[in-house]
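Asks: Dumping the structure here so I can ask a few things about it.
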Amino acid sequence: MARLNDQVQALLEEYADLLTIIGGDAFRARAYEKSARAIGGWPTDLAAMDPKDILEIPGVGKSTVGKIDEVRRTGTLEAVEKLRAKIPPGVRAMMKVPGLGPKRALTLHQDLGVSSVDELRAAAEAGRLHDLPGFGGRTEENILHGLAVLHAAAGRADLGTATSLAEEVTATLRDVPGCLRCEWAGSLRRLRESVGDLDVLAAAHDSAPLTEAFVALPAVAEVIVSGPTKTSVRTAAGLQIDLRVVAPEAWGAAMVYFTGSKAHNIKLRTRAVRAGLKLSEYGLFDNETGATVASATEEDVYAALGLAWIPPTLREDLGEVEAAAAGELPVLVTERGLRGDLHTHTDLTDGVASLEDMLAAAKARGYAYYAVTDHAPDLVMQRMTDEKMLAQRARLRELAGGYGRMRLLHGTELNIGPNGSVDWPAEFLAGFDVCVASVHSHFGADRATQTRRLIRACENPHVHVIGHPSARRVGRRAPIDVDWPAVFAAAARTGTALEINGAPGRMDLNDEHVRAARSAGVRFSIDSDAHSTVQLANPRFGVGTAQRAWLGPDDVINTWPWQKLKRFLTKPDLPAGQA
DNA sequence: GCCGTTTTCGGCCCGACTGTTTTCAGTCG
């Protein structure tokens, strides 16, 4: 792991989980959860901080400072090690099954001797669960369903996890003597919403030093295969990483080949064959003479095939090769093109950073505008009140002008109730500069209800953006059941933007939905949903989704200049009775 | 364990939903 912060966060989260499983003081476990979040979201590397400064992090006290020091010195926590001896790691892993929490996980372990997800599946399929105390037929069914949801994402990593791992691996390998280049390729480079394995490519004349450094990485738990050109390892978290070492003159062809997708590569190879050429990971060759036509850079390879260079996010054989041949590749939205963020939180609700810290971090990103959108009162656990919201607005107005050219917007993230209503009456909503409205409850309602619910939210004249519209959590919760074409039509008709939420655990809407929505005339907002300053970088992943759906700057409202966005945030009048 | 103070203790995220119960435990957001 790149930062001590992440290492400490992971250990504290594990400690909190283990404490929850064995029972006892729930507040202690919660305190560790909170400090874990605060540390993970803290922008400065703990390794470079004084203990007295670490103590200033909200939620971090003396005990945690001691544990941070222990992790720094020993790489682990004795308290966690002791609990691991009592509770097998598989028991904690069972808590990832939706619907299964710490209590039932412990019961399963103690009464049935089940101590892994696999054993749980076997027990559930054999019908051994429904006789346990507190379990029944429905519980067993729900656990089986939860296992299926989990299985759909098994062994896959979210973009945040995969990116930080890829950054760590490439940074280490670039420092190895003889390494000329090192980049990641594969589905991570194409910015798919989750990745099954990590492909890392390095250019060197001698692969041995790279291979040696690669298998010695702290994240590596197991070496699967290792040879002169290819080495595969598995991390403790179960993610496979493949390292390929290629000659520098083959770099471009290798990057094309290992970036994929498979369908894109097949299309390119077919195109090559028709031109009397052969494309492989080693280069583009003339069939008759065997001479190398191109291989050093991706641009060379594409050009020799009569194509403009194709951005990795488009390489899915969804028309990009034809477009490149015709010189009609789309102009894509980019991270640099984003002028602001319209969905962010502070510590007034469940964020971990103060308003001032979030604003300073947003300014550092060069934004022209920035919306603070803390949770609204219907999400009861956040304890929002009118007074707190108005006080935040007053503070934000005081701070206006203090962040250079960055315009400060006061917003909120409303909750879309089961019938499509939102928090607060219209008069109160009118006081916000921007309102995001999202589904946070009643995920199991039927399609007609969910569809009506989202359409009614779109029709609310004070709702500007529907946040994380499908409400799915990658690998954790299925999307709500919705008639999407009907919702896309309503969003387009009412001038309501749909969010592309870039939080790695959400990635919502996904690329397929965005493609369909765009053709229905919908506009989008690419947001971070940041709960800490470091999460303000989340839009990089949302931009990936947007590019995969071929979105250009015009499709994305937060690439627009403020005056144009301001007009969008004033929704057109709707026929009476629809609002 | 952390925090704030009515400051060295006592409170800390609360309500809904589900499925199991027959008055409530577990899970979730």
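How things are named: the first chain in the structure tokens is A, the next is B, and so on; residues count from 1 in each chain; ligands count from 1 in the order shown.
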Find the nearest atom pair between each residue of region 356-429 of chain A and region 5-18 of chain B for residues within 9 Å, count only C-alpha atoms (C1' of nucleotides), give distances in Å to one decimal, sort rows by chain and ascending number, and present the table as a tab-separated table.
Replies:
residue	atom	partner	partner_atom	distance
A:Val380	CA	B:DC14	C1'	6.4
A:Met381	CA	B:DC13	C1'	4.9
A:Gln382	CA	B:DC13	C1'	7.1
A:Arg383	CA	B:DC13	C1'	7.9
Asks: Could you find all residues in region 197-233 of chain A that DSSP calls alpha helix (DSSP H) from the backbone, and write them as a list of chain:residue names?
Replies: A:Ala208, A:Pro209, A:Leu210, A:Thr211, A:Glu212, A:Ala213, A:Phe214, A:Val215
Asks: So which residues touch Thr229 (chain A) within 10 Å, counting only C-alpha atoms (C1' of nucleotides), skipping near sequence neighbours fewer than 2 positions away, as number ranges by chain?
Replies: A: 202, 206-208, 211, 226-227, 231, 243-247
Asks: Fewer than 4 positions away in the same chain doesn't count, so skip those; otherwise give me all residues within 10 Å of region 542-544 of chain A, counting only C-alpha atoms (C1' of nucleotides), as a PyMOL selection string.
Replies: chain A and resi 188-193+312-314+332-338+499-504+506-511+525-528+537-538+548-551+556
Asks: Find the residues of chain A that sit at most 7 Å from chain B; for each, write down the nearest two atoms and how far apart they are in Å, to one decimal. Count only C-alpha atoms (C1' of nucleotides). Sort by chain, then by number going up, and give it as JSON lines.
Replies:
{"residue": "A:Phe27", "atom": "CA", "partner": "B:DC12", "partner_atom": "C1'", "distance": 6.9}
{"residue": "A:Arg28", "atom": "CA", "partner": "B:DG1", "partner_atom": "C1'", "distance": 5.0}
{"residue": "A:Ala31", "atom": "CA", "partner": "B:DG1", "partner_atom": "C1'", "distance": 5.3}
{"residue": "A:Tyr32", "atom": "CA", "partner": "B:DG1", "partner_atom": "C1'", "distance": 6.9}
{"residue": "A:Gly59", "atom": "CA", "partner": "B:DC2", "partner_atom": "C1'", "distance": 6.1}
{"residue": "A:Gly61", "atom": "CA", "partner": "B:DC2", "partner_atom": "C1'", "distance": 6.3}
{"residue": "A:Gly99", "atom": "CA", "partner": "B:DT27", "partner_atom": "C1'", "distance": 6.2}
{"residue": "A:Gly101", "atom": "CA", "partner": "B:DT27", "partner_atom": "C1'", "distance": 6.3}
{"residue": "A:Gly134", "atom": "CA", "partner": "B:DT20", "partner_atom": "C1'", "distance": 6.2}
{"residue": "A:Val380", "atom": "CA", "partner": "B:DC14", "partner_atom": "C1'", "distance": 6.4}
{"residue": "A:Met381", "atom": "CA", "partner": "B:DC13", "partner_atom": "C1'", "distance": 4.9}
{"residue": "A:His440", "atom": "CA", "partner": "B:DG29", "partner_atom": "C1'", "distance": 6.9}
Asks: Assign secondary structure with DSSP using the backbone only, and return the residues of region 153-206 of chain A in strand (DSSP E) as a count of residues only.
Replies: 15
Asks: Tell me which of A:Val321, A:Ile416, A:Asn287, A:Glu298 sits closest to His264 (chain A), counting only C-alpha atoms.
Replies: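 Of the candidates, the smallest distance to His264 (chain A) is held by A:Val321.
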Asks: Which residue is closest to Glu14 (chain A)? Choose from A:Ile87, A:Ile480, A:Ala520, A:Ala204 and count only C-alpha atoms.
Replies: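 Among the listed residues, the smallest separation from Glu14 (chain A) belongs to A:Ile87.
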Asks: If you count only C-alpha atoms (C1' of nucleotides), which residues fall within 10 Å of region 562-564 of chain A, apart from same-chain ones fewer than 6 positions away, as a PyMOL selection string?
Replies: chain A and resi 339-340+368-369+407
Asks: Please produce an output containing C-alpha atoms for each residue in the selection, written as a PDB file, in the first residue's frame.
Replies:
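Listing of result19.pdb after writing:
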ATOM      1  CA  ARG A 339     -14.881  23.061 -14.104  1.00  0.00           C
ATOM      2  CA  GLY A 340     -16.495  22.023 -10.864  1.00  0.00           C
ATOM      3  CA  ALA A 368     -14.454  27.517 -11.239  1.00  0.00           C
ATOM      4  CA  TYR A 369     -17.357  26.452  -9.044  1.00  0.00           C
ATOM      5  CA  ARG A 407     -17.645  30.266  -6.971  1.00  0.00           C
TER       6      ARG A 407
END
Asks: Write out as an NGL selection string which residues come within 12 Å of region 360-363 of chain A when counting only C-alpha atoms (C1' of nucleotides), dropping same-chain ones fewer than 5 positions away.
Replies: :A and (42-43 or 338-345 or 353-355 or 368-372 or 399 or 401-408 or 528 or 530 or 532-537)
Asks: Limited to C-alpha atoms, could you put the picked residues into a file as a compact mmCIF listing (two decimals), in the first residue's frame?
Replies:
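The result, stored in again-v3.txt:
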# COMPACT_ATOMS: atom_id res chain seq x y z
CA TRP A 42 -6.49 12.55 5.66
CA PRO A 43 -4.55 14.22 2.83
CA LEU A 338 -14.29 19.59 -15.50
CA ARG A 339 -14.88 23.06 -14.10
CA GLY A 340 -16.49 22.02 -10.86
CA ASP A 341 -17.96 19.36 -8.61
CA LEU A 342 -21.67 19.37 -7.80
CA HIS A 343 -21.88 16.60 -5.17
CA THR A 344 -19.65 16.74 -2.08
CA HIS A 345 -19.95 16.38 1.69
CA ALA A 353 -13.22 17.01 6.50
CA SER A 354 -14.36 20.49 7.49
CA LEU A 355 -16.03 22.90 5.08
CA ALA A 368 -14.45 27.52 -11.24
CA TYR A 369 -17.36 26.45 -9.04
CA TYR A 370 -17.91 24.01 -6.22
CA ALA A 371 -21.08 22.80 -4.53
CA VAL A 372 -21.34 21.65 -0.93
CA LEU A 399 -16.34 32.56 2.76
CA GLY A 401 -14.58 35.40 -2.53
CA GLY A 402 -11.96 33.80 -0.32
CA TYR A 403 -11.12 31.10 -2.84
CA GLY A 404 -9.93 33.05 -5.84
CA ARG A 405 -12.17 32.69 -8.86
CA MET A 406 -13.94 29.62 -7.43
CA ARG A 407 -17.65 30.27 -6.97
CA LEU A 408 -19.14 28.59 -3.91
CA SER A 528 -16.99 12.94 -6.72
CA ALA A 530 -16.41 13.12 -1.84
CA SER A 532 -12.89 13.57 2.32
CA THR A 533 -10.43 15.80 0.49
CA VAL A 534 -8.65 12.87 -1.15
CA GLN A 535 -11.94 11.66 -2.61
CA LEU A 536 -12.23 14.89 -4.57
CA ALA A 537 -10.11 13.00 -7.13
